[in-house]
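Okay, run_39.txt now, which holds compact mmCIF, C-alpha atoms and all ligand atoms:
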```txt
# COMPACT_ATOMS: atom_id res chain seq x y z
CA THR P 1 -48.19 -68.40 93.08
CA SER P 2 -47.31 -71.78 94.49
CA ASP P 3 -47.20 -70.20 97.97
CA GLU P 4 -50.89 -71.01 98.15
CA LYS P 5 -50.30 -74.75 98.11
CA ILE P 6 -48.34 -74.59 101.36
CA PRO P 7 -50.47 -73.98 104.43
CA GLU P 8 -48.79 -72.55 107.50
CA PRO P 9 -48.91 -75.39 110.03
CA SER P 10 -51.39 -74.51 112.75
CA ASN P 11 -50.99 -75.78 116.30
CA GLU P 12 -53.47 -78.41 115.41
CA THR P 13 -51.37 -79.61 112.46
CA ILE P 14 -48.33 -79.89 114.69
CA LYS P 15 -50.29 -81.94 117.22
CA ASP P 16 -51.48 -84.20 114.41
CA ASN P 17 -47.96 -84.63 113.09
CA ARG P 18 -46.81 -85.93 116.45
CA HIS P 19 -49.23 -88.75 115.94
CA VAL P 20 -48.10 -89.35 112.35
CA ASN P 21 -44.44 -89.34 113.28
CA GLU P 22 -45.05 -91.83 116.07
CA GLY P 23 -43.19 -90.10 118.83
CA GLN P 24 -40.01 -89.73 116.77
CA GLU P 25 -40.00 -86.08 117.72
CA GLN P 26 -39.79 -86.22 121.52
CA SER P 27 -38.11 -82.96 122.40
CA GLY P 28 -34.67 -83.14 123.96
CA ASN P 29 -33.79 -86.78 123.54
CA HIS P 30 -34.60 -87.69 120.00
CA PRO P 31 -32.62 -90.71 118.80
CA LEU P 32 -31.09 -88.56 116.06
CA ASP P 33 -29.82 -85.91 118.51
CA GLY P 34 -26.12 -85.22 118.10
CA VAL P 35 -25.85 -87.31 114.94
CA PRO P 36 -25.14 -85.37 111.72
CA THR P 37 -28.50 -85.38 110.00
CA LEU P 38 -29.63 -84.31 106.55
CA ALA P 39 -33.28 -83.36 106.14
CA PHE P 40 -34.34 -83.30 102.49
CA PRO P 41 -37.57 -82.67 100.59
CA SER P 42 -38.73 -84.79 97.68
CA ILE P 43 -36.92 -83.08 94.79
CA SER P 44 -38.97 -82.18 91.69
CA THR P 45 -42.28 -83.82 92.69
CA ALA P 46 -44.37 -80.70 93.37
CA ASP P 47 -43.75 -77.59 91.28
CA PHE P 48 -41.57 -79.53 88.82
CA GLN P 49 -44.32 -82.19 88.40
CA PHE P 50 -42.09 -85.28 88.36
CA ASN P 51 -43.99 -88.59 88.61
CA ILE P 52 -44.29 -89.57 92.28
CA GLU P 53 -44.11 -93.34 91.81
CA LYS P 54 -40.90 -93.06 89.76
CA ALA P 55 -39.44 -90.54 92.22
CA SER P 56 -40.14 -92.81 95.21
CA GLU P 57 -38.25 -95.64 93.51
CA ILE P 58 -35.23 -93.39 92.91
CA ILE P 59 -35.26 -92.00 96.46
CA VAL P 60 -35.31 -95.45 98.02
CA GLU P 61 -32.56 -96.78 95.74
CA THR P 62 -30.19 -93.84 96.24
CA VAL P 63 -30.88 -93.77 99.98
CA GLU P 64 -30.22 -97.51 100.26
CA GLU P 65 -26.88 -97.12 98.47
CA PHE P 66 -25.84 -94.15 100.57
CA VAL P 67 -26.91 -95.61 103.92
CA LYS P 68 -24.60 -98.60 103.34
CA LYS P 69 -21.65 -96.24 102.94
CA ILE P 70 -22.19 -93.70 105.72
CA GLY P 71 -20.77 -94.35 109.12
CA ASN P 72 -21.97 -91.46 111.23
CA GLY P 73 -24.83 -89.68 109.49
CA ARG P 74 -28.57 -89.99 108.93
CA LEU P 75 -31.12 -89.01 106.35
CA VAL P 76 -34.66 -87.73 106.86
CA LEU P 77 -37.13 -87.31 103.99
CA VAL P 78 -39.47 -84.48 104.99
CA ASP P 79 -42.78 -83.31 103.58
CA ILE P 80 -44.99 -80.57 104.93
CA SER P 81 -48.16 -82.14 103.61
CA HIS P 82 -50.11 -84.42 105.86
CA GLY P 83 -51.42 -86.89 103.31
CA SER P 84 -48.09 -86.88 101.48
CA LYS P 85 -48.16 -89.63 98.83
CA ILE P 86 -44.42 -89.47 98.32
CA LEU P 87 -43.75 -90.07 102.04
CA SER P 88 -46.05 -93.07 102.23
CA LEU P 89 -44.64 -94.60 99.03
CA VAL P 90 -41.06 -94.14 100.21
CA LYS P 91 -41.89 -95.38 103.71
CA SER P 92 -43.36 -98.65 102.46
CA LYS P 93 -40.61 -99.24 99.87
CA ALA P 94 -37.92 -98.57 102.48
CA ALA P 95 -39.58 -101.09 104.80
CA ILE P 96 -39.66 -103.75 102.06
CA LYS P 97 -35.97 -103.17 101.38
CA LYS P 98 -35.31 -103.26 105.14
CA ILE P 99 -33.40 -99.99 105.08
CA ASP P 100 -31.87 -99.33 108.50
CA SER P 101 -34.42 -97.13 110.31
CA THR P 102 -31.74 -95.66 112.56
CA LYS P 103 -30.17 -94.18 109.41
CA PHE P 104 -33.25 -93.23 107.41
CA ILE P 105 -36.72 -92.05 108.38
CA THR P 106 -39.58 -90.10 106.84
CA PHE P 107 -41.03 -87.12 108.70
CA VAL P 108 -44.09 -84.87 108.34
CA GLY P 109 -43.28 -81.25 109.10
CA ASP P 110 -42.02 -77.91 107.88
CA ILE P 111 -38.37 -78.38 106.92
CA THR P 112 -37.60 -74.89 108.28
CA LYS P 113 -39.02 -75.66 111.73
CA LEU P 114 -37.83 -79.16 112.44
CA ARG P 115 -36.23 -78.43 115.81
CA SER P 116 -38.71 -75.86 117.15
CA GLY P 117 -41.83 -77.50 115.69
CA GLY P 118 -40.91 -81.18 115.71
CA GLY P 119 -38.04 -81.59 118.20
CA LEU P 120 -35.90 -83.05 115.41
CA HIS P 121 -32.44 -81.55 115.08
CA CYS P 122 -31.12 -81.63 111.51
CA ASN P 123 -27.87 -79.73 111.06
CA VAL P 124 -28.09 -79.85 107.27
CA ILE P 125 -31.15 -79.22 105.11
CA ALA P 126 -31.55 -79.63 101.37
CA ASN P 127 -33.38 -77.17 99.17
CA ALA P 128 -35.26 -78.00 95.96
CA ALA P 129 -33.78 -75.00 94.16
CA ASN P 130 -34.32 -73.28 90.80
CA TRP P 131 -31.53 -73.05 88.22
CA ARG P 132 -30.77 -69.39 88.94
CA LEU P 133 -30.55 -70.00 92.69
CA LYS P 134 -33.13 -67.29 93.24
CA PRO P 135 -34.94 -66.73 96.56
CA GLY P 136 -38.74 -66.89 96.60
CA GLY P 137 -40.85 -68.51 93.90
CA GLY P 138 -42.82 -70.81 96.18
CA GLY P 139 -42.41 -74.33 97.51
CA VAL P 140 -39.59 -75.33 99.77
CA ASN P 141 -37.22 -72.81 98.13
CA ALA P 142 -39.34 -69.85 99.27
CA ALA P 143 -39.77 -71.33 102.76
CA ILE P 144 -36.02 -71.89 103.25
CA TYR P 145 -34.97 -68.44 101.96
CA ASP P 146 -37.66 -66.87 104.13
CA ALA P 147 -36.57 -68.70 107.26
CA ALA P 148 -32.84 -68.16 106.64
CA GLY P 149 -33.08 -64.42 106.00
CA PRO P 150 -30.83 -62.45 103.60
CA ASP P 151 -27.69 -64.28 104.79
CA LEU P 152 -28.55 -67.29 102.65
CA ASP P 153 -28.82 -65.36 99.38
CA ILE P 154 -25.53 -63.57 100.09
CA ALA P 155 -23.69 -66.80 100.97
CA THR P 156 -25.21 -68.61 97.97
CA LYS P 157 -24.27 -65.87 95.48
CA LYS P 158 -20.67 -66.05 96.70
CA LYS P 159 -20.57 -69.73 95.75
CA ALA P 160 -22.44 -69.89 92.46
CA GLY P 161 -24.73 -67.99 90.12
CA SER P 162 -26.61 -70.97 88.71
CA LEU P 163 -27.04 -74.72 88.93
CA VAL P 164 -27.26 -77.44 86.26
CA PRO P 165 -30.09 -80.04 86.66
CA GLY P 166 -28.80 -83.05 88.61
CA ASN P 167 -26.27 -80.97 90.57
CA ALA P 168 -26.03 -79.76 94.16
CA ILE P 169 -23.93 -77.17 96.03
CA THR P 170 -23.30 -76.68 99.73
CA VAL P 171 -23.61 -73.28 101.40
CA SER P 172 -22.50 -72.64 104.99
CA LEU P 173 -25.00 -70.57 106.93
CA PRO P 174 -23.59 -67.74 109.03
CA SER P 175 -24.53 -68.05 112.71
CA THR P 176 -26.48 -64.78 112.38
CA SER P 177 -29.09 -66.55 110.25
CA PRO P 178 -32.26 -67.38 112.25
CA LEU P 179 -32.27 -70.83 110.66
CA TYR P 180 -28.90 -71.40 112.35
CA SER P 181 -29.70 -69.80 115.70
CA LYS P 182 -33.25 -71.15 116.10
CA GLN P 183 -33.07 -74.49 114.31
CA GLY P 184 -29.38 -75.40 114.50
CA VAL P 185 -28.99 -75.59 110.72
CA THR P 186 -25.34 -75.01 109.75
CA HIS P 187 -25.51 -75.87 106.05
CA ILE P 188 -27.96 -75.68 103.18
CA ILE P 189 -27.46 -77.91 100.16
CA HIS P 190 -29.16 -76.52 97.06
CA VAL P 191 -30.24 -79.24 94.64
CA LEU P 192 -31.65 -78.78 91.15
CA GLY P 193 -33.86 -81.62 90.02
CA PRO P 194 -35.32 -82.39 86.59
CA ASN P 195 -38.26 -80.24 85.54
CA MET P 196 -41.38 -81.71 83.93
CA ASN P 197 -43.47 -78.53 84.22
CA PRO P 198 -43.88 -76.79 80.82
CA LYS P 199 -44.23 -73.48 82.65
CA ARG P 200 -40.71 -73.72 84.11
CA PRO P 201 -37.32 -73.49 82.35
CA ASN P 202 -35.67 -76.58 80.80
CA CYS P 203 -38.82 -78.70 80.74
CA LEU P 204 -38.07 -82.32 79.78
CA LYS P 205 -41.49 -82.74 78.12
CA ASP P 206 -42.25 -86.07 79.77
CA ASP P 207 -38.90 -87.62 78.78
CA TYR P 208 -38.51 -89.91 81.79
CA ASN P 209 -35.38 -91.58 80.37
CA ILE P 210 -33.51 -88.35 80.92
CA GLY P 211 -35.70 -87.32 83.86
CA CYS P 212 -34.97 -90.43 85.93
CA LYS P 213 -31.26 -90.20 85.17
CA VAL P 214 -31.16 -86.56 86.24
CA LEU P 215 -33.16 -87.19 89.43
CA ARG P 216 -30.80 -90.02 90.35
CA GLU P 217 -27.82 -87.70 89.77
CA ALA P 218 -29.49 -85.01 91.88
CA TYR P 219 -29.85 -87.34 94.90
CA SER P 220 -26.33 -88.80 94.46
CA SER P 221 -24.92 -85.30 94.32
CA LEU P 222 -26.98 -84.25 97.38
CA PHE P 223 -25.78 -87.21 99.46
CA GLU P 224 -22.16 -86.70 98.33
CA ASN P 225 -22.35 -83.08 99.45
CA PHE P 226 -23.72 -84.20 102.82
CA ALA P 227 -20.94 -86.80 103.16
CA SER P 228 -18.35 -84.05 102.57
CA ILE P 229 -19.81 -82.01 105.44
CA VAL P 230 -19.83 -84.99 107.80
CA ARG P 231 -16.25 -86.08 106.96
N1 LIG P 301 -41.29 -78.14 104.43
C1 LIG P 301 -41.24 -79.43 103.99
N2 LIG P 301 -41.58 -79.80 102.74
C2 LIG P 301 -42.02 -78.85 101.90
C3 LIG P 301 -42.11 -77.48 102.28
C4 LIG P 301 -41.72 -77.14 103.61
N3 LIG P 301 -41.77 -75.88 104.06
N4 LIG P 301 -42.58 -76.78 101.21
C5 LIG P 301 -42.77 -77.66 100.21
N5 LIG P 301 -42.44 -78.91 100.62
P1 LIG P 301 -41.23 -77.96 95.54
P2 LIG P 301 -39.79 -78.89 93.13
C6 LIG P 301 -42.41 -80.17 99.82
O1 LIG P 301 -42.37 -77.51 94.70
O2 LIG P 301 -40.94 -79.75 92.69
C7 LIG P 301 -39.70 -73.63 93.58
O3 LIG P 301 -40.48 -72.55 93.19
C8 LIG P 301 -43.47 -80.37 98.77
O4 LIG P 301 -44.66 -80.88 99.33
O5 LIG P 301 -40.72 -77.02 96.56
O6 LIG P 301 -38.41 -79.46 93.05
C9 LIG P 301 -38.24 -73.51 93.13
O7 LIG P 301 -37.84 -72.16 93.03
C10 LIG P 301 -42.78 -81.38 97.87
O8 LIG P 301 -42.93 -82.69 98.41
O9 LIG P 301 -39.93 -78.35 94.63
C11 LIG P 301 -38.22 -74.22 91.82
O10 LIG P 301 -38.53 -73.34 90.75
C12 LIG P 301 -41.30 -81.01 97.94
O11 LIG P 301 -41.19 -80.15 99.09
C13 LIG P 301 -39.31 -75.27 91.92
O12 LIG P 301 -40.19 -74.81 92.96
C14 LIG P 301 -40.72 -80.27 96.73
O13 LIG P 301 -41.65 -79.35 96.22
C15 LIG P 301 -38.80 -76.63 92.32
O14 LIG P 301 -39.84 -77.57 92.26
```

Mind turning the file's structure into structure tokens?
Amino acid sequence: TSDEKIPEPSNETIKDNRHVNEGQEQSGNHPLDGVPTLAFPSISTADFQFNIEKASEIIVETVEEFVKKIGNGRLVLVDISHGSKILSLVKSKAAIKKIDSTKFITFVGDITKLRSGGGLHCNVIANAANWRLKPGGGGVNAAIYDAAGPDLDIATKKKAGSLVPGNAITVSLPSTSPLYSKQGVTHIIHVLGPNMNPKRPNCLKDDYNIGCKVLREAYSSLFENFASIVR
């Protein structure tokens, strides 16, 4: 299963991440504290095998557009992996475009442990979901359902039974969920990105005309959902 590709962060990893994140995670008085913040993973670029270079372009463009519009809200692109190619690509492209770093940052860490493990409070987190909105399966989906407990599946099923590629839905987490009580996460936004993996449903078979369009729609829909929570 794809569980194997995600190592549990050891204490050592967390220490290392502090270095990578350049003190952005100082516990207690992080610059993002108190500001509505969306943490999101790179949609489709691991299990769904979407090209990382193309994805980084789309992330930076959709972030740039959204950041101009939001008043009070920030975005954090998160990846658990230390040598994350997608994070470094996005980081350098965002710097070239001079995207406001008080509104957008990249962060190395487990998206389900941002407050306890990284001192970064994100009240909303995005999930790279599957079309049936099923728990488990691996990747960030498995990690989020695991951390949230059964509350997330119950709340999700009340909202929708499936998701179309390029779409996102918001689910409020009950305060009984450990992700709420331990990490301060009040909402999960499920996003379904384009799939390029022949072993997964609705594979686009390397059609990047459609793939790029769908990934763009996925991020626009994600950021719109976040804006609706903030408003
Ligand atoms: N914290 C932060 N980032 C993570 C974590 C984590 N705990 N786990 C993975 N990532 P993926 P996809 C990063 O495969 O490509 C699932 O089985 C990872 O390094 O989760 O959209 C679903 O059920 C990568 O950068 O999502 C779907 O079937 C990013 O999250 C399918 O995978 C997305 O990787 C979706 O595939």

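Minimum atom-to-atom distance to Pro41 in chain P, evaluated using all atoms listed in the file, belongs to P:Thr112 out of P:Thr112, P:Ser220, P:Ser92, P:Thr62.
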
Contacts to ligand LIG 301 (chain P) at 8 Å cut-off (all atoms listed in the file) as a VMD selection string
chain P and resid 2 6 41 to 50 78 to 81 84 86 108 to 112 127 to 131 133 to 144 192 to 195 200

Considering all atoms listed in the file, can you say which of P:His82, P:Lys159, P:Lys113, P:Lys103 comes closest to Glu65 in chain P?
P:Lys103

I need the residue nearest Asp100 in chain P from this list: P:Gly73, P:Gly119, P:Gly83, P:Gly149. Use only C-alpha atoms for the distance.
P:Gly73

Coordinates-based distance that separates CA of Glu53 in chain P from CA of Phe104 in chain P (Å, one decimal)
19.0 Å

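Put simply, CA of Val67 in chain P is 14.7 Å away from CA of Lys93 in chain P.
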
From the list P:Leu120, P:Ile96, P:Ile52, P:Met196, which residue is nearest Pro36 in chain P when using all atoms listed in the file?
P:Leu120

Between CA of Ala39 in chain P and CA of Asn123 in chain P, what is the spacing in Å?
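Taking CA of Asn123 in chain P as the start and CA of Ala39 in chain P as the end point, the length is 8.2 Å.
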
Nearest candidate to Gly166 in chain P (options P:Lys199, P:Ala218, P:Ala148, P:Asp207; using only C-alpha atoms):
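So, comparing all the options, the nearest one is P:Ala218.
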
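Minimum distance to Asp146 in chain P across P:Val164, P:Ile59, P:Ile229, P:Leu179 (counting all atoms listed in the file) occurs at P:Leu179.
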
For Ala227 in chain P, list every protein, DNA or RNA residue within 12 Å, evaluated using only C-alpha atoms, and leave out those in the same chain fewer than 5 positions away; present the list as an MDAnalysis selection string.
chainID P and resid 36:38 66:67 69:75 124 170 189 220:222
